[in-house]
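Below is one structure, written out as structure tokens, with a few remarks after it.
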Amino acid sequence: MITVEEFRAEVRGWLADNLVGDYAALKGLGGPGREHEAFEERWAWNRHLAAAGLTCLGWPVEFGGRGLSVAHRVAFYEEYAHADAPDKVNHLGEELVGPTLIAFGTAEQQQRFLPAIRDVAELWCQGYSEPGAGSDLAAVSTSAVLEGEPGQQHWVINGQKVWTSLAHWSQWCFVLARSEKGSSRHAGLSYLLVPLDQPGVEIRPIVQLTGDSEFNEVFFTDARTDANLVVGEPGDGWRVAMGTLQFERGVSTLGQQIRYARELSGLVDLAKNTGADEDPLIRERLTRAWAGLQTMRSFALATMDEEQPGQDSVSKLLWATWHRDLGELAMDIRGRAGLVLVDNEFDEWQRLFLFSRADTIYGGSNEVQRNIIAERVLGLPREARG
């Protein structure tokens, strides 16, 4: 196998050679809160990465990946972030659905979907949260009923999902639905693969504080998917869904931290330019932000190769809180100028402040993460439920 340093040099050289021309204009675009930026062009760039064998690096070779180690993947994301390459559009497919199908899917499902994910030909979104089941995923009420004659059966799906990232650009959604009538909580759920381009599926973008729309409501009204597009056994969806969430902890977080470091560096420059750095409190908060970033990196590296109870929650709590606080610090450094729109557009610091409020909510709110740490790591009693 290629060494980590050889692979790092390969990635660095490829990015230098390919982030040119029209692709050079995409540098720094995309990512949470900015998914609207040049989406089609970034999709084309993601397909370009795939053609070079730079997607699905950790997938086993027999499933179309490169079978590379965690260290190799860390090197890729670090070089990718250092090059300021555009944010990829295929995270949910490459990092969540693909590994889930490799772990739980049938051979037919793997053959149908994995090549299209690897080549970035089809995009995916996640149908988990509902208006009454956000942080409490076991409370989902979207129903799925198996209908039809043997050999011609299909699932009929009714219900609503919400906060569905990138649904309006996706072709497929992995949906957690209640498939056993009268079941409750973790029992009776199924994990379904559902095409979005069909009658009975309505996607409504949700306008965010930033004015953009990357989250959506998705309504299913007698929508259908083939009977064989259930991952795992019917009724065993909770186990599969939890497997998907485990895959969500990825080496891409280290690349995320490099982007955070770039934001912090820009904020330090802003403080110097505005004179805000003369305020000792601002200097202290900038120092604390730097220390927090080092803590996140140390934690990620220390836990990357082994699974420990609650580590996903600790990681999420660290970066979500840190990034929200950075947005608040940015506004304090901007001062009154941060309250003014120029040409009716948010600048990067206003956008950071507004969107980073969502960081502490999506993917499990801070409150939920603290409960998980308290109950599963510290062994404290479960929170009383009314």
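Labels for the structure tokens follow display order: chains A, B, ..., residues from 1 in each chain, ligands from 1.
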| message | Need the shell around A:Phe353: protein/DNA/RNA residues with any atom at most 12 Å away, counting only C-alpha atoms. Skip same-chain ones fewer than 6 positions apart. Format as a PyMOL selection string? | response | chain A and resi 33+209-210+263+322-334+338-339+346-347+359
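Per DSSP on the backbone, helix (DSSP H, G or I) in stretch 115-148 of chain A comprises Pro115, Ala116, Ile117, Arg118, Leu137, Ala138 and Ala139 of chain A.
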| strand (DSSP E) positions in stretch 111-299 of chain A, given as a PyMOL selection string | chain A and resi 124-127+143-147+154-161+172-178+189-195+201-206+215-226+230-231
How about saving the chosen residues, C-alpha atoms kept, as an mmCIF file, in the first residue's frame?
data_model
loop_
_atom_site.group_PDB
_atom_site.id
_atom_site.type_symbol
_atom_site.label_atom_id
_atom_site.label_comp_id
_atom_site.auth_asym_id
_atom_site.auth_seq_id
_atom_site.Cartn_x
_atom_site.Cartn_y
_atom_site.Cartn_z
ATOM 1 C CA TRP A 124 -28.512 11.455 -1.270
ATOM 2 C CA CYS A 125 -30.265 13.105 1.657
ATOM 3 C CA GLN A 126 -31.217 11.858 5.121
ATOM 4 C CA GLY A 127 -34.868 11.304 6.081
ATOM 5 C CA SER A 143 -45.379 5.147 8.075
ATOM 6 C CA ALA A 144 -44.412 2.531 5.516
ATOM 7 C CA VAL A 145 -46.853 -0.214 4.510
ATOM 8 C CA LEU A 146 -45.927 -3.150 2.284
ATOM 9 C CA GLU A 147 -48.536 -3.580 -0.453
ATOM 10 C CA HIS A 154 -43.697 -2.040 -2.800
ATOM 11 C CA TRP A 155 -43.609 0.141 0.293
ATOM 12 C CA VAL A 156 -46.196 2.931 0.469
ATOM 13 C CA ILE A 157 -44.848 5.826 2.552
ATOM 14 C CA ASN A 158 -46.787 8.609 4.274
ATOM 15 C CA GLY A 159 -45.476 11.286 6.599
ATOM 16 C CA GLN A 160 -43.223 14.300 6.870
ATOM 17 C CA LYS A 161 -39.493 14.772 7.370
ATOM 18 C CA TRP A 172 -32.540 9.597 -3.282
ATOM 19 C CA CYS A 173 -33.366 9.716 0.416
ATOM 20 C CA PHE A 174 -32.697 7.106 3.100
ATOM 21 C CA VAL A 175 -35.828 7.164 5.225
ATOM 22 C CA LEU A 176 -36.474 5.812 8.714
ATOM 23 C CA ALA A 177 -40.161 4.870 8.813
ATOM 24 C CA ARG A 178 -42.511 2.947 11.093
ATOM 25 C CA LEU A 189 -38.907 0.730 12.224
ATOM 26 C CA SER A 190 -37.508 0.112 8.750
ATOM 27 C CA TYR A 191 -34.675 1.783 6.851
ATOM 28 C CA LEU A 192 -35.852 2.449 3.299
ATOM 29 C CA LEU A 193 -34.174 3.798 0.156
ATOM 30 C CA VAL A 194 -36.677 6.103 -1.527
ATOM 31 C CA PRO A 195 -36.474 7.859 -4.935
ATOM 32 C CA VAL A 201 -42.993 13.499 -2.844
ATOM 33 C CA GLU A 202 -43.057 17.248 -2.185
ATOM 34 C CA ILE A 203 -39.899 19.118 -1.178
ATOM 35 C CA ARG A 204 -40.219 22.581 0.365
ATOM 36 C CA PRO A 205 -36.986 24.484 1.063
ATOM 37 C CA ILE A 206 -36.842 26.196 4.467
ATOM 38 C CA PHE A 215 -32.616 22.506 4.739
ATOM 39 C CA ASN A 216 -36.005 21.256 3.578
ATOM 40 C CA GLU A 217 -39.333 19.828 4.572
ATOM 41 C CA VAL A 218 -40.144 16.619 2.684
ATOM 42 C CA PHE A 219 -43.728 15.368 2.492
ATOM 43 C CA PHE A 220 -44.545 11.787 1.493
ATOM 44 C CA THR A 221 -48.102 11.138 0.325
ATOM 45 C CA ASP A 222 -48.480 7.549 -0.879
ATOM 46 C CA ALA A 223 -44.928 7.705 -2.175
ATOM 47 C CA ARG A 224 -43.483 4.350 -3.185
ATOM 48 C CA THR A 225 -40.288 2.370 -3.230
ATOM 49 C CA ASP A 226 -39.606 -1.229 -4.192
ATOM 50 C CA VAL A 230 -35.273 -1.974 2.688
ATOM 51 C CA VAL A 231 -31.789 -2.122 4.217
#
| task | Tell me, as a VMD selection string, which residues lie within 10 Å of A:Gly105, counting only C-alpha atoms; anything in the same chain fewer than 2 positions away does not count. | result | chain A and resid 97 to 103 107 to 111 229 to 233 240
Just to be explicit: take each residue in the selection above, keep C-alpha atoms, and write the result as a JSON list (two decimals), in the first residue's frame.
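In the end it all went to out-v8.json:
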[["chain", "number", "residue", "atom", "x", "y", "z"],
["A", 97, "VAL", "CA", -25.18, 5.71, 2.79],
["A", 98, "GLY", "CA", -22.27, 3.95, 1.13],
["A", 99, "PRO", "CA", -20.73, 2.55, 4.34],
["A", 100, "THR", "CA", -24.24, 1.61, 5.55],
["A", 101, "LEU", "CA", -24.90, -0.42, 2.40],
["A", 102, "ILE", "CA", -21.48, -2.06, 2.66],
["A", 103, "ALA", "CA", -22.26, -3.07, 6.26],
["A", 107, "ALA", "CA", -25.53, -7.67, -2.87],
["A", 108, "GLU", "CA", -28.19, -6.29, -5.23],
["A", 109, "GLN", "CA", -28.40, -3.01, -3.29],
["A", 110, "GLN", "CA", -24.63, -2.68, -3.28],
["A", 111, "GLN", "CA", -24.39, -3.30, -7.03],
["A", 229, "LEU", "CA", -35.13, -1.42, -1.05],
["A", 230, "VAL", "CA", -35.27, -1.97, 2.69],
["A", 231, "VAL", "CA", -31.79, -2.12, 4.22],
["A", 232, "GLY", "CA", -31.54, -4.91, 6.76],
["A", 233, "GLU", "CA", -34.69, -6.73, 7.79],
["A", 240, "VAL", "CA", -29.28, 0.16, 10.75]]
| Of the candidates A:Trp169, A:Phe355, A:Phe39, A:Trp45, which one gets nearest to A:Gly21 if we count only C-alpha atoms? | A:Trp45
